[in-house]
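**Q** Sharing entry.cif below, mmCIF, C-alpha atoms:
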```cif
data_run
#
loop_
_atom_site.group_PDB
_atom_site.id
_atom_site.type_symbol
_atom_site.label_atom_id
_atom_site.label_comp_id
_atom_site.auth_asym_id
_atom_site.auth_seq_id
_atom_site.Cartn_x
_atom_site.Cartn_y
_atom_site.Cartn_z
ATOM 1 C CA MET Y 1 58.601 -56.802 -36.681
ATOM 2 C CA ASP Y 2 56.098 -54.956 -34.550
ATOM 3 C CA THR Y 3 53.187 -54.954 -36.995
ATOM 4 C CA GLU Y 4 51.005 -52.771 -34.812
ATOM 5 C CA LYS Y 5 53.703 -50.109 -34.462
ATOM 6 C CA LEU Y 6 54.335 -50.245 -38.223
ATOM 7 C CA ARG Y 7 50.639 -49.766 -38.876
ATOM 8 C CA GLU Y 8 50.603 -46.802 -36.492
ATOM 9 C CA ASP Y 9 53.691 -45.209 -38.056
ATOM 10 C CA ILE Y 10 52.128 -45.494 -41.516
ATOM 11 C CA PHE Y 11 48.884 -44.062 -40.170
ATOM 12 C CA PHE Y 12 50.709 -40.957 -38.928
ATOM 13 C CA LEU Y 13 52.525 -40.702 -42.258
ATOM 14 C CA ILE Y 14 49.201 -40.688 -44.111
ATOM 15 C CA GLY Y 15 48.148 -37.738 -41.931
ATOM 16 C CA PHE Y 16 51.265 -35.853 -42.945
ATOM 17 C CA ILE Y 17 50.589 -36.548 -46.645
ATOM 18 C CA LEU Y 18 46.936 -35.486 -46.447
ATOM 19 C CA THR Y 19 47.613 -32.266 -44.540
ATOM 20 C CA SER Y 20 50.544 -31.454 -46.811
ATOM 21 C CA MET Y 21 48.283 -31.774 -49.859
ATOM 22 C CA GLN Y 22 45.708 -29.494 -48.339
ATOM 23 C CA GLY Y 23 48.273 -26.966 -47.134
ATOM 24 C CA LEU Y 24 49.903 -26.657 -50.554
ATOM 25 C CA TYR Y 25 46.829 -24.989 -52.010
ATOM 26 C CA HIS Y 26 47.790 -21.916 -49.988
ATOM 27 C CA GLU Y 27 51.534 -22.230 -49.573
ATOM 28 C CA PRO Y 28 54.432 -21.259 -51.857
ATOM 29 C CA ALA Y 29 54.947 -23.746 -54.677
ATOM 30 C CA GLU Y 30 58.469 -24.620 -53.521
ATOM 31 C CA TYR Y 31 57.063 -25.997 -50.278
ATOM 32 C CA GLY Y 32 55.895 -28.968 -52.363
ATOM 33 C CA ILE Y 33 59.487 -29.987 -52.975
ATOM 34 C CA TYR Y 34 60.236 -29.778 -49.281
ATOM 35 C CA ARG Y 35 57.164 -31.812 -48.384
ATOM 36 C CA LEU Y 36 58.206 -34.565 -50.802
ATOM 37 C CA LEU Y 37 61.700 -34.541 -49.334
ATOM 38 C CA ASP Y 38 60.159 -34.775 -45.894
ATOM 39 C CA VAL Y 39 57.820 -37.666 -46.757
ATOM 40 C CA GLY Y 40 60.765 -39.516 -48.304
ATOM 41 C CA GLY Y 41 62.730 -39.032 -45.106
ATOM 42 C CA ARG Y 42 59.832 -40.147 -42.921
ATOM 43 C CA LEU Y 43 59.235 -43.250 -45.025
ATOM 44 C CA LEU Y 44 62.914 -44.178 -44.865
ATOM 45 C CA SER Y 45 62.864 -43.618 -41.109
ATOM 46 C CA ILE Y 46 59.900 -45.998 -40.759
ATOM 47 C CA ILE Y 47 61.729 -48.573 -42.857
ATOM 48 C CA GLU Y 48 64.804 -48.205 -40.651
ATOM 49 C CA ILE Y 49 62.901 -48.428 -37.371
ATOM 50 C CA HIS Y 50 61.212 -51.656 -38.461
ATOM 51 C CA GLY Y 51 64.379 -53.371 -39.591
ATOM 52 C CA LEU Y 52 63.583 -53.232 -43.303
ATOM 53 C CA SER Y 53 66.418 -50.966 -44.369
ATOM 54 C CA ASP Y 54 69.730 -51.650 -46.050
ATOM 55 C CA ASP Y 55 72.986 -49.707 -46.348
ATOM 56 C CA PHE Y 56 71.880 -47.700 -49.360
ATOM 57 C CA LEU Y 57 68.472 -46.725 -47.956
ATOM 58 C CA ARG Y 58 70.033 -45.939 -44.581
ATOM 59 C CA LYS Y 59 72.554 -43.574 -46.147
ATOM 60 C CA LEU Y 60 69.846 -41.996 -48.296
ATOM 61 C CA GLY Y 61 67.710 -41.445 -45.207
ATOM 62 C CA GLN Y 62 70.600 -39.816 -43.324
ATOM 63 C CA GLU Y 63 71.333 -37.448 -46.194
ATOM 64 C CA ILE Y 64 67.698 -36.464 -46.468
ATOM 65 C CA GLU Y 65 67.531 -35.771 -42.710
ATOM 66 C CA GLU Y 66 70.634 -33.583 -42.956
ATOM 67 C CA GLU Y 67 69.107 -31.599 -45.809
ATOM 68 C CA LYS Y 68 65.799 -31.237 -43.947
ATOM 69 C CA ALA Y 69 67.562 -29.915 -40.858
ATOM 70 C CA GLU Y 70 69.367 -27.200 -42.776
ATOM 71 C CA SER Y 71 68.068 -23.702 -43.372
ATOM 72 C CA MET Y 72 66.003 -23.096 -46.494
ATOM 73 C CA ASP Y 73 68.284 -22.661 -49.494
ATOM 74 C CA SER Y 74 66.759 -23.588 -52.840
ATOM 75 C CA ASP Y 75 70.118 -23.772 -54.658
ATOM 76 C CA ARG Y 76 71.631 -26.140 -52.119
ATOM 77 C CA GLN Y 77 68.454 -28.177 -51.922
ATOM 78 C CA LYS Y 78 68.300 -28.500 -55.710
ATOM 79 C CA ALA Y 79 71.922 -29.680 -55.845
ATOM 80 C CA THR Y 80 71.316 -32.193 -53.045
ATOM 81 C CA ILE Y 81 68.184 -33.604 -54.655
ATOM 82 C CA SER Y 82 69.942 -33.884 -58.027
ATOM 83 C CA ARG Y 83 72.835 -35.767 -56.425
ATOM 84 C CA LEU Y 84 70.542 -38.105 -54.504
ATOM 85 C CA ALA Y 85 68.546 -38.856 -57.647
ATOM 86 C CA LEU Y 86 71.757 -39.754 -59.484
ATOM 87 C CA GLU Y 87 72.922 -41.960 -56.618
ATOM 88 C CA TYR Y 88 69.540 -43.683 -56.618
ATOM 89 C CA THR Y 89 69.796 -44.220 -60.371
ATOM 90 C CA ALA Y 90 73.200 -45.841 -59.982
ATOM 91 C CA GLU Y 91 71.868 -48.101 -57.237
ATOM 92 C CA LEU Y 92 68.810 -48.923 -59.338
ATOM 93 C CA GLN Y 93 71.015 -49.964 -62.238
ATOM 94 C CA ARG Y 94 73.148 -52.090 -59.910
ATOM 95 C CA ARG Y 95 70.122 -53.885 -58.479
ATOM 96 C CA LEU Y 96 68.544 -54.443 -61.864
ATOM 97 C CA SER Y 97 71.807 -55.892 -63.165
ATOM 98 C CA ILE Y 98 71.884 -58.403 -60.305
ATOM 99 C CA GLU Y 99 68.262 -59.389 -60.892
ATOM 100 C CA ASN Y 100 68.873 -59.828 -64.609
ATOM 101 C CA HIS Y 101 71.539 -62.518 -64.117
ATOM 102 C CA MET N 102 73.916 -14.921 -23.771
ATOM 103 C CA GLU N 103 73.879 -11.250 -24.703
ATOM 104 C CA THR N 104 70.705 -10.094 -26.472
ATOM 105 C CA LEU N 105 72.333 -9.144 -29.762
ATOM 106 C CA GLU N 106 74.299 -12.395 -29.826
ATOM 107 C CA ALA N 107 71.044 -14.326 -29.361
ATOM 108 C CA ILE N 108 69.370 -12.401 -32.180
ATOM 109 C CA MET N 109 72.253 -12.886 -34.588
ATOM 110 C CA THR N 110 72.930 -16.561 -33.831
ATOM 111 C CA ARG N 111 69.362 -17.866 -33.570
ATOM 112 C CA ARG N 112 68.433 -20.476 -36.166
ATOM 113 C CA SER N 113 65.235 -22.374 -37.004
ATOM 114 C CA VAL N 114 65.893 -25.852 -35.637
ATOM 115 C CA ARG N 115 63.962 -28.737 -37.174
ATOM 116 C CA ALA N 116 65.770 -31.832 -35.863
ATOM 117 C CA TYR N 117 65.592 -32.680 -32.176
ATOM 118 C CA LYS N 118 67.023 -35.184 -29.729
ATOM 119 C CA LYS N 119 64.637 -37.304 -27.675
ATOM 120 C CA ASP N 120 66.139 -35.913 -24.437
ATOM 121 C CA PRO N 121 63.703 -34.099 -22.135
ATOM 122 C CA VAL N 122 63.633 -30.387 -21.412
ATOM 123 C CA SER N 123 63.138 -29.337 -17.805
ATOM 124 C CA LYS N 124 59.969 -27.637 -16.648
ATOM 125 C CA GLU N 125 62.131 -24.770 -15.361
ATOM 126 C CA LEU N 126 63.470 -24.108 -18.873
ATOM 127 C CA LEU N 127 59.982 -24.225 -20.362
ATOM 128 C CA ASP N 128 58.721 -21.851 -17.664
ATOM 129 C CA THR N 129 61.549 -19.424 -18.470
ATOM 130 C CA ILE N 130 60.585 -19.473 -22.149
ATOM 131 C CA LEU N 131 56.891 -18.960 -21.358
ATOM 132 C CA ARG N 132 57.695 -16.021 -19.066
ATOM 133 C CA ALA N 133 59.581 -14.475 -21.961
ATOM 134 C CA ALA N 134 56.537 -15.004 -24.185
ATOM 135 C CA THR N 135 54.224 -13.156 -21.816
ATOM 136 C CA ALA N 136 56.777 -10.333 -21.471
ATOM 137 C CA ALA N 137 56.226 -9.331 -25.108
ATOM 138 C CA PRO N 138 54.740 -5.916 -25.883
ATOM 139 C CA SER N 139 51.131 -5.690 -27.072
ATOM 140 C CA SER N 140 48.868 -2.985 -28.367
ATOM 141 C CA GLY N 141 47.206 -1.258 -25.400
ATOM 142 C CA ASN N 142 48.816 -3.945 -23.236
ATOM 143 C CA ARG N 143 45.815 -6.111 -24.119
ATOM 144 C CA GLN N 144 48.021 -9.245 -24.174
ATOM 145 C CA PRO N 145 45.697 -10.991 -26.617
ATOM 146 C CA TRP N 146 47.583 -14.255 -26.533
ATOM 147 C CA THR N 147 46.929 -17.686 -25.073
ATOM 148 C CA PHE N 148 49.644 -20.333 -25.095
ATOM 149 C CA ILE N 149 48.933 -24.062 -25.098
ATOM 150 C CA VAL N 150 52.011 -26.135 -24.178
ATOM 151 C CA ILE N 151 51.997 -29.736 -25.426
ATOM 152 C CA CYS N 152 54.492 -32.253 -24.035
ATOM 153 C CA ASP N 153 52.409 -35.431 -24.039
ATOM 154 C CA ARG N 154 54.039 -37.805 -26.509
ATOM 155 C CA ARG N 155 50.824 -39.123 -28.036
ATOM 156 C CA ARG N 156 49.502 -35.604 -28.577
ATOM 157 C CA LEU N 157 52.834 -34.610 -30.071
ATOM 158 C CA GLN N 158 52.635 -37.544 -32.507
ATOM 159 C CA GLY N 159 49.176 -36.373 -33.499
ATOM 160 C CA LEU N 160 50.359 -32.801 -33.992
ATOM 161 C CA VAL N 161 53.321 -33.904 -36.097
ATOM 162 C CA SER N 162 50.946 -35.919 -38.260
ATOM 163 C CA LEU N 163 48.670 -32.895 -38.781
ATOM 164 C CA SER N 164 51.389 -30.288 -39.211
ATOM 165 C CA PRO N 165 53.498 -30.611 -42.357
ATOM 166 C CA GLY N 166 55.735 -27.852 -41.055
ATOM 167 C CA LEU N 167 56.948 -30.082 -38.220
ATOM 168 C CA SER N 168 59.767 -32.167 -39.693
ATOM 169 C CA SER N 169 60.340 -34.216 -36.583
ATOM 170 C CA GLU N 170 58.918 -34.688 -33.123
ATOM 171 C CA PRO N 171 60.216 -32.040 -30.684
ATOM 172 C CA PHE N 172 60.112 -32.293 -26.885
ATOM 173 C CA ALA N 173 57.355 -29.691 -26.710
ATOM 174 C CA ILE N 174 55.149 -27.573 -28.915
ATOM 175 C CA ILE N 175 53.754 -24.200 -27.911
ATOM 176 C CA ALA N 176 50.545 -23.324 -29.736
ATOM 177 C CA ILE N 177 50.225 -19.537 -29.917
ATOM 178 C CA CYS N 178 46.574 -18.523 -30.043
ATOM 179 C CA LEU N 179 44.767 -15.229 -30.397
ATOM 180 C CA ASP N 180 42.077 -14.717 -27.791
ATOM 181 C CA GLU N 181 39.551 -12.724 -29.794
ATOM 182 C CA THR N 182 37.791 -11.516 -26.649
ATOM 183 C CA ARG N 183 40.950 -9.576 -25.788
ATOM 184 C CA ALA N 184 41.563 -8.207 -29.268
ATOM 185 C CA THR N 185 40.429 -4.750 -30.306
ATOM 186 C CA LYS N 186 38.050 -4.985 -33.243
ATOM 187 C CA THR N 187 37.568 -3.163 -36.518
ATOM 188 C CA GLU N 188 34.184 -1.791 -37.581
ATOM 189 C CA ASP N 189 33.633 -5.085 -39.404
ATOM 190 C CA GLY N 190 34.155 -7.027 -36.191
ATOM 191 C CA ASP N 191 37.499 -8.490 -37.182
ATOM 192 C CA ALA N 192 40.462 -8.381 -34.831
ATOM 193 C CA GLU N 193 42.628 -5.328 -35.411
ATOM 194 C CA SER N 194 45.732 -6.117 -37.433
ATOM 195 C CA MET N 195 47.939 -4.983 -34.523
ATOM 196 C CA VAL N 196 47.198 -8.250 -32.720
ATOM 197 C CA TRP N 197 49.285 -10.163 -35.263
ATOM 198 C CA MET N 198 52.269 -7.965 -34.414
ATOM 199 C CA ASP N 199 51.629 -8.715 -30.740
ATOM 200 C CA LEU N 200 51.607 -12.468 -31.369
ATOM 201 C CA GLY N 201 54.699 -12.086 -33.550
ATOM 202 C CA ALA N 202 56.510 -10.330 -30.724
ATOM 203 C CA ALA N 203 55.575 -13.148 -28.346
ATOM 204 C CA MET N 204 56.757 -15.690 -30.913
ATOM 205 C CA GLU N 205 60.126 -13.993 -31.280
ATOM 206 C CA ASN N 206 60.535 -13.845 -27.493
ATOM 207 C CA ILE N 207 59.915 -17.607 -27.364
ATOM 208 C CA LEU N 208 62.456 -18.274 -30.119
ATOM 209 C CA LEU N 209 65.128 -16.083 -28.534
ATOM 210 C CA ALA N 210 64.527 -17.336 -24.993
ATOM 211 C CA ALA N 211 64.802 -20.933 -26.178
ATOM 212 C CA HIS N 212 68.040 -20.140 -27.989
ATOM 213 C CA ASP N 213 69.378 -18.302 -24.947
ATOM 214 C CA GLN N 214 68.706 -21.392 -22.828
ATOM 215 C CA GLY N 215 70.612 -23.652 -25.228
ATOM 216 C CA LEU N 216 67.526 -25.104 -26.877
ATOM 217 C CA GLY N 217 66.366 -25.164 -30.455
ATOM 218 C CA ALA N 218 63.041 -23.819 -31.666
ATOM 219 C CA CYS N 219 61.178 -23.169 -34.886
ATOM 220 C CA ALA N 220 58.033 -21.244 -35.746
ATOM 221 C CA ILE N 221 55.595 -23.372 -37.735
ATOM 222 C CA GLY N 222 52.863 -21.935 -39.939
ATOM 223 C CA SER N 223 51.999 -25.086 -41.897
ATOM 224 C CA PHE N 224 49.411 -27.096 -40.034
ATOM 225 C CA HIS N 225 45.884 -28.387 -40.527
ATOM 226 C CA GLU N 226 44.094 -25.747 -38.507
ATOM 227 C CA GLN N 227 40.826 -27.564 -37.897
ATOM 228 C CA GLY N 228 42.591 -30.793 -36.996
ATOM 229 C CA VAL N 229 44.944 -29.130 -34.551
ATOM 230 C CA ARG N 230 42.075 -27.117 -33.025
ATOM 231 C CA GLU N 231 40.188 -30.328 -32.318
ATOM 232 C CA LEU N 232 43.257 -32.089 -30.972
ATOM 233 C CA LEU N 233 43.868 -29.223 -28.534
ATOM 234 C CA ARG N 234 40.158 -28.678 -27.829
ATOM 235 C CA LEU N 235 40.382 -24.976 -28.516
ATOM 236 C CA PRO N 236 37.230 -22.988 -27.684
ATOM 237 C CA SER N 237 35.731 -20.808 -30.424
ATOM 238 C CA LYS N 238 37.157 -17.616 -28.892
ATOM 239 C CA LEU N 239 40.721 -18.795 -29.632
ATOM 240 C CA LYS N 240 42.176 -18.522 -33.121
ATOM 241 C CA LEU N 241 45.229 -20.691 -33.691
ATOM 242 C CA ALA N 242 48.011 -18.506 -35.078
ATOM 243 C CA LEU N 243 51.265 -20.456 -34.901
ATOM 244 C CA LEU N 244 52.999 -23.475 -33.477
ATOM 245 C CA VAL N 245 56.521 -23.313 -32.067
ATOM 246 C CA SER N 246 58.533 -26.513 -31.711
ATOM 247 C CA ILE N 247 61.050 -26.671 -28.863
ATOM 248 C CA GLY N 248 63.684 -29.198 -27.916
ATOM 249 C CA ILE N 249 67.355 -30.035 -27.713
ATOM 250 C CA PRO N 250 68.765 -29.727 -31.221
ATOM 251 C CA ILE N 251 70.462 -32.657 -32.948
ATOM 252 C CA ARG N 252 72.052 -30.153 -35.271
ATOM 253 C CA VAL N 253 71.833 -26.418 -35.697
ATOM 254 C CA PRO N 254 71.504 -25.295 -39.314
ATOM 255 C CA THR N 255 73.854 -22.818 -40.895
ATOM 256 C CA GLY N 256 72.541 -19.297 -41.302
ATOM 257 C CA PRO N 257 70.209 -18.670 -44.252
ATOM 258 C CA LYS N 258 71.070 -16.201 -46.976
ATOM 259 C CA LYS N 259 69.786 -12.746 -46.104
ATOM 260 C CA ARG N 260 68.971 -9.957 -48.496
ATOM 261 C CA PRO N 261 71.700 -7.280 -48.582
ATOM 262 C CA PRO N 262 71.008 -4.228 -46.367
ATOM 263 C CA GLU N 263 70.737 -1.849 -49.323
ATOM 264 C CA GLU N 264 67.803 -3.894 -50.638
ATOM 265 C CA VAL N 265 65.700 -3.621 -47.512
ATOM 266 C CA ILE N 266 66.891 -0.592 -45.558
ATOM 267 C CA PHE N 267 66.397 3.025 -46.633
ATOM 268 C CA PHE N 268 66.798 6.328 -44.819
ATOM 269 C CA GLU N 269 64.354 9.215 -44.643
ATOM 270 C CA GLU N 270 62.340 7.911 -47.589
ATOM 271 C CA TYR N 271 61.991 4.833 -49.755
ATOM 272 C CA GLY N 272 64.841 4.367 -52.169
ATOM 273 C CA ALA N 273 67.160 6.800 -50.408
ATOM 274 C CA GLN N 274 70.527 5.812 -49.014
ATOM 275 C CA ASN N 275 72.384 8.261 -46.777
ATOM 276 C CA GLY N 276 69.645 10.821 -47.359
ATOM 277 C CA HIS N 277 69.994 10.698 -51.132
ATOM 278 C CA ARG N 278 67.583 8.929 -53.446
ATOM 279 C CA LYS N 279 69.242 6.609 -55.981
ATOM 280 C CA THR N 280 68.874 7.838 -59.551
#
```
Translate the structure described by the file into structure tokens.

**A**
Amino acid sequence: MDTEKLREDIFFLIGFILTSMQGLYHEPAEYGIYRLLDVGGRLLSIIEIHGLSDDFLRKLGQEIEEEKAESMDSDRQKATISRLALEYTAELQRRLSIENH
Amino acid sequence: METLEAIMTRRSVRAYKKDPVSKELLDTILRAATAAPSSGNRQPWTFIVICDRRRLQGLVSLSPGLSSEPFAIIAICLDETRATKTEDGDAESMVWMDLGAAMENILLAAHDQGLGACAIGSFHEQGVRELLRLPSKLKLALLVSIGIPIRVPTGPKKRPPEEVIFFEEYGAQNGHRKT
């Protein structure tokens, strides 16, 4: 793992988070949802680039990128986020079950 | 591409390939930008074109509206020394229409050339100003990302014509006001 590159990628991500927070004081409330989707996608991308990902996280990252690239549609976005949250829940339960053995 | 086809098929592209865009294509887009109309032909705009990868990384970090790193970003600035002023010393509101016209020319020219583009209004103004070393006479209005699209989004939902278009007076369709 390239620790220096990882540190740099996280540094840039912090910038995105800080400026998003500041921007949201003046932007429509629904932008907050998009910013969270975006930060999730960026974090998953960093994980992937640095070889820390797995099949589930990789697929989650791809789906988030596809949603981000689409035109703004709150109904579609809501449905996508709901589905991803359910898929995450299922994966969470699966992982917890394995750890509990 | 025909003009109307470009207008009707343009989309805001937010995901880009890492492939480069030629200087010739960028020059074509910038010529289109400067061809925009402006109040009194004052051309109050200044365009800063950023292609340096490190600067682009910095801009992406400071601009929540940029979902991914494009090949280039055009910063559209208002040169206040070229703007007509109100009695209070503020730039006349017409200048924002002028910059908007330039922005749309950039978006359409990029689309016409097979590229993707997106107008970005969410950015940390002070941070971007410092990164681009803008002098005090320039007000940063918008960023436009440009690159080769990974994917082109489907068209967004538009309001129906009868909601936004009226004839002769507000509320009237075909010359008759709705009761």

**Q** On this structure, the PyMOL selection byres ((chain N) within 12 of (chain Y)) would catch which residues? List them as a PyMOL selection string, sorted by chain and number.

**A** chain N and resi 111-117+155-170+217-219+222-229+250-259

**Q** For the residues in the current selection, export C-alpha atoms as a PDB file, keeping the file's coordinate frame.

**A**
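Output (part.pdb):
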```
ATOM      1  CA  ARG N 111      69.362 -17.866 -33.570  1.00  0.00           C
ATOM      2  CA  ARG N 112      68.433 -20.476 -36.166  1.00  0.00           C
ATOM      3  CA  SER N 113      65.235 -22.374 -37.004  1.00  0.00           C
ATOM      4  CA  VAL N 114      65.893 -25.852 -35.637  1.00  0.00           C
ATOM      5  CA  ARG N 115      63.962 -28.737 -37.174  1.00  0.00           C
ATOM      6  CA  ALA N 116      65.770 -31.832 -35.863  1.00  0.00           C
ATOM      7  CA  TYR N 117      65.592 -32.680 -32.176  1.00  0.00           C
ATOM      8  CA  ARG N 155      50.824 -39.123 -28.036  1.00  0.00           C
ATOM      9  CA  ARG N 156      49.502 -35.604 -28.577  1.00  0.00           C
ATOM     10  CA  LEU N 157      52.834 -34.610 -30.071  1.00  0.00           C
ATOM     11  CA  GLN N 158      52.635 -37.544 -32.507  1.00  0.00           C
ATOM     12  CA  GLY N 159      49.176 -36.373 -33.499  1.00  0.00           C
ATOM     13  CA  LEU N 160      50.359 -32.801 -33.992  1.00  0.00           C
ATOM     14  CA  VAL N 161      53.321 -33.904 -36.097  1.00  0.00           C
ATOM     15  CA  SER N 162      50.946 -35.919 -38.260  1.00  0.00           C
ATOM     16  CA  LEU N 163      48.670 -32.895 -38.781  1.00  0.00           C
ATOM     17  CA  SER N 164      51.389 -30.288 -39.211  1.00  0.00           C
ATOM     18  CA  PRO N 165      53.498 -30.611 -42.357  1.00  0.00           C
ATOM     19  CA  GLY N 166      55.735 -27.852 -41.055  1.00  0.00           C
ATOM     20  CA  LEU N 167      56.948 -30.082 -38.220  1.00  0.00           C
ATOM     21  CA  SER N 168      59.767 -32.167 -39.693  1.00  0.00           C
ATOM     22  CA  SER N 169      60.340 -34.216 -36.583  1.00  0.00           C
ATOM     23  CA  GLU N 170      58.918 -34.688 -33.123  1.00  0.00           C
ATOM     24  CA  GLY N 217      66.366 -25.164 -30.455  1.00  0.00           C
ATOM     25  CA  ALA N 218      63.041 -23.819 -31.666  1.00  0.00           C
ATOM     26  CA  CYS N 219      61.178 -23.169 -34.886  1.00  0.00           C
ATOM     27  CA  GLY N 222      52.863 -21.935 -39.939  1.00  0.00           C
ATOM     28  CA  SER N 223      51.999 -25.086 -41.897  1.00  0.00           C
ATOM     29  CA  PHE N 224      49.411 -27.096 -40.034  1.00  0.00           C
ATOM     30  CA  HIS N 225      45.884 -28.387 -40.527  1.00  0.00           C
ATOM     31  CA  GLU N 226      44.094 -25.747 -38.507  1.00  0.00           C
ATOM     32  CA  GLN N 227      40.826 -27.564 -37.897  1.00  0.00           C
ATOM     33  CA  GLY N 228      42.591 -30.793 -36.996  1.00  0.00           C
ATOM     34  CA  VAL N 229      44.944 -29.130 -34.551  1.00  0.00           C
ATOM     35  CA  PRO N 250      68.765 -29.727 -31.221  1.00  0.00           C
ATOM     36  CA  ILE N 251      70.462 -32.657 -32.948  1.00  0.00           C
ATOM     37  CA  ARG N 252      72.052 -30.153 -35.271  1.00  0.00           C
ATOM     38  CA  VAL N 253      71.833 -26.418 -35.697  1.00  0.00           C
ATOM     39  CA  PRO N 254      71.504 -25.295 -39.314  1.00  0.00           C
ATOM     40  CA  THR N 255      73.854 -22.818 -40.895  1.00  0.00           C
ATOM     41  CA  GLY N 256      72.541 -19.297 -41.302  1.00  0.00           C
ATOM     42  CA  PRO N 257      70.209 -18.670 -44.252  1.00  0.00           C
ATOM     43  CA  LYS N 258      71.070 -16.201 -46.976  1.00  0.00           C
ATOM     44  CA  LYS N 259      69.786 -12.746 -46.104  1.00  0.00           C
TER      45      LYS N 259
END
```

**Q** Applied to the shown file, which residues does the PyMOL selection byres ((chain N and resi 240) around 6) return, written as a list in words?

**A**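 Applying the expression gives Cys178, Leu179, Leu239 and Leu241 of chain N.
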
**Q** What does the structure give for the distance between atom CA of Ala273 of chain N and atom CA of Ala202 of chain N, in Å to one decimal?

**A**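 Interatomic distance, atom CA of Ala273 of chain N to atom CA of Ala202 of chain N: 28.2 Å.
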
**Q** Which value, in Å to one decimal, gives the distance between atom CA of Asp199 of chain N and atom CA of Ile247 of chain N?

**A**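 Straight-line distance from atom CA of Asp199 of chain N to atom CA of Ile247 of chain N works out to 20.4 Å.
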
**Q** What is the atom CA of Ile221 of chain N to atom CA of Leu244 of chain N distance in Å?

**A** 5.0 Å

**Q** Step by step, work through what the PyMOL selection byres ((chain Y and resi 84-93) around 12) selects in the shown file, and finish by giving those residues as a list in words.

**A** Leu37, Gly40, Asp54, Asp55, Phe56, Leu57, Lys59, Leu60, Gly61, Gln62, Glu63, Ile64, Glu67, Gln77, Lys78, Ala79, Thr80, Ile81, Ser82, Arg83, Arg94, Arg95, Leu96, Ser97, Ile98, Glu99 and Asn100 of chain Y

**Q** Hey, which of N:Gln144, N:Thr135, N:Thr104, N:Ser246 ends up closest to Arg183 of chain N? Count all atoms listed in the file.

**A**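 Residue with the minimum atom-to-atom distance to Arg183 of chain N: N:Gln144.
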
**Q** With N, CA and C atoms as the target, complete segment 136-149 of chain N and hand it back as a PDB file, in the frame of the given file.

**A**
```
ATOM      1  N   ALA N 136      56.139 -11.639 -21.654  1.00  0.00           N
ATOM      2  CA  ALA N 136      56.777 -10.333 -21.471  1.00  0.00           C
ATOM      3  C   ALA N 136      56.752  -9.494 -22.746  1.00  0.00           C
ATOM      4  N   ALA N 137      56.248 -10.050 -23.829  1.00  0.00           N
ATOM      5  CA  ALA N 137      56.226  -9.331 -25.108  1.00  0.00           C
ATOM      6  C   ALA N 137      55.322  -8.104 -25.027  1.00  0.00           C
ATOM      7  N   PRO N 138      55.624  -7.084 -25.835  1.00  0.00           N
ATOM      8  CA  PRO N 138      54.740  -5.916 -25.883  1.00  0.00           C
ATOM      9  C   PRO N 138      53.451  -6.260 -26.623  1.00  0.00           C
ATOM     10  N   SER N 139      52.389  -5.500 -26.346  1.00  0.00           N
ATOM     11  CA  SER N 139      51.131  -5.690 -27.072  1.00  0.00           C
ATOM     12  C   SER N 139      50.373  -4.379 -27.114  1.00  0.00           C
ATOM     13  N   SER N 140      49.626  -4.212 -28.173  1.00  0.00           N
ATOM     14  CA  SER N 140      48.868  -2.985 -28.367  1.00  0.00           C
ATOM     15  C   SER N 140      47.919  -2.754 -27.195  1.00  0.00           C
ATOM     16  N   GLY N 141      48.056  -1.570 -26.547  1.00  0.00           N
ATOM     17  CA  GLY N 141      47.206  -1.258 -25.400  1.00  0.00           C
ATOM     18  C   GLY N 141      47.405  -2.202 -24.237  1.00  0.00           C
ATOM     19  N   ASN N 142      48.518  -2.916 -24.242  1.00  0.00           N
ATOM     20  CA  ASN N 142      48.816  -3.945 -23.236  1.00  0.00           C
ATOM     21  C   ASN N 142      47.655  -4.930 -23.096  1.00  0.00           C
ATOM     22  N   ARG N 143      46.979  -5.225 -24.203  1.00  0.00           N
ATOM     23  CA  ARG N 143      45.815  -6.111 -24.119  1.00  0.00           C
ATOM     24  C   ARG N 143      46.228  -7.578 -23.973  1.00  0.00           C
ATOM     25  N   GLN N 144      47.509  -7.867 -24.337  1.00  0.00           N
ATOM     26  CA  GLN N 144      48.021  -9.245 -24.174  1.00  0.00           C
ATOM     27  C   GLN N 144      47.017 -10.250 -24.735  1.00  0.00           C
ATOM     28  N   PRO N 145      46.783 -10.196 -26.033  1.00  0.00           N
ATOM     29  CA  PRO N 145      45.697 -10.991 -26.617  1.00  0.00           C
ATOM     30  C   PRO N 145      46.034 -12.456 -26.826  1.00  0.00           C
ATOM     31  N   TRP N 146      47.106 -12.903 -26.254  1.00  0.00           N
ATOM     32  CA  TRP N 146      47.583 -14.255 -26.533  1.00  0.00           C
ATOM     33  C   TRP N 146      47.117 -15.279 -25.500  1.00  0.00           C
ATOM     34  N   THR N 147      47.052 -16.527 -25.958  1.00  0.00           N
ATOM     35  CA  THR N 147      46.929 -17.686 -25.073  1.00  0.00           C
ATOM     36  C   THR N 147      47.908 -18.724 -25.602  1.00  0.00           C
ATOM     37  N   PHE N 148      48.648 -19.337 -24.705  1.00  0.00           N
ATOM     38  CA  PHE N 148      49.644 -20.333 -25.095  1.00  0.00           C
ATOM     39  C   PHE N 148      49.213 -21.709 -24.592  1.00  0.00           C
ATOM     40  N   ILE N 149      49.213 -22.679 -25.484  1.00  0.00           N
ATOM     41  CA  ILE N 149      48.933 -24.062 -25.098  1.00  0.00           C
ATOM     42  C   ILE N 149      50.251 -24.820 -25.246  1.00  0.00           C
TER      43      ILE N 149
END
```
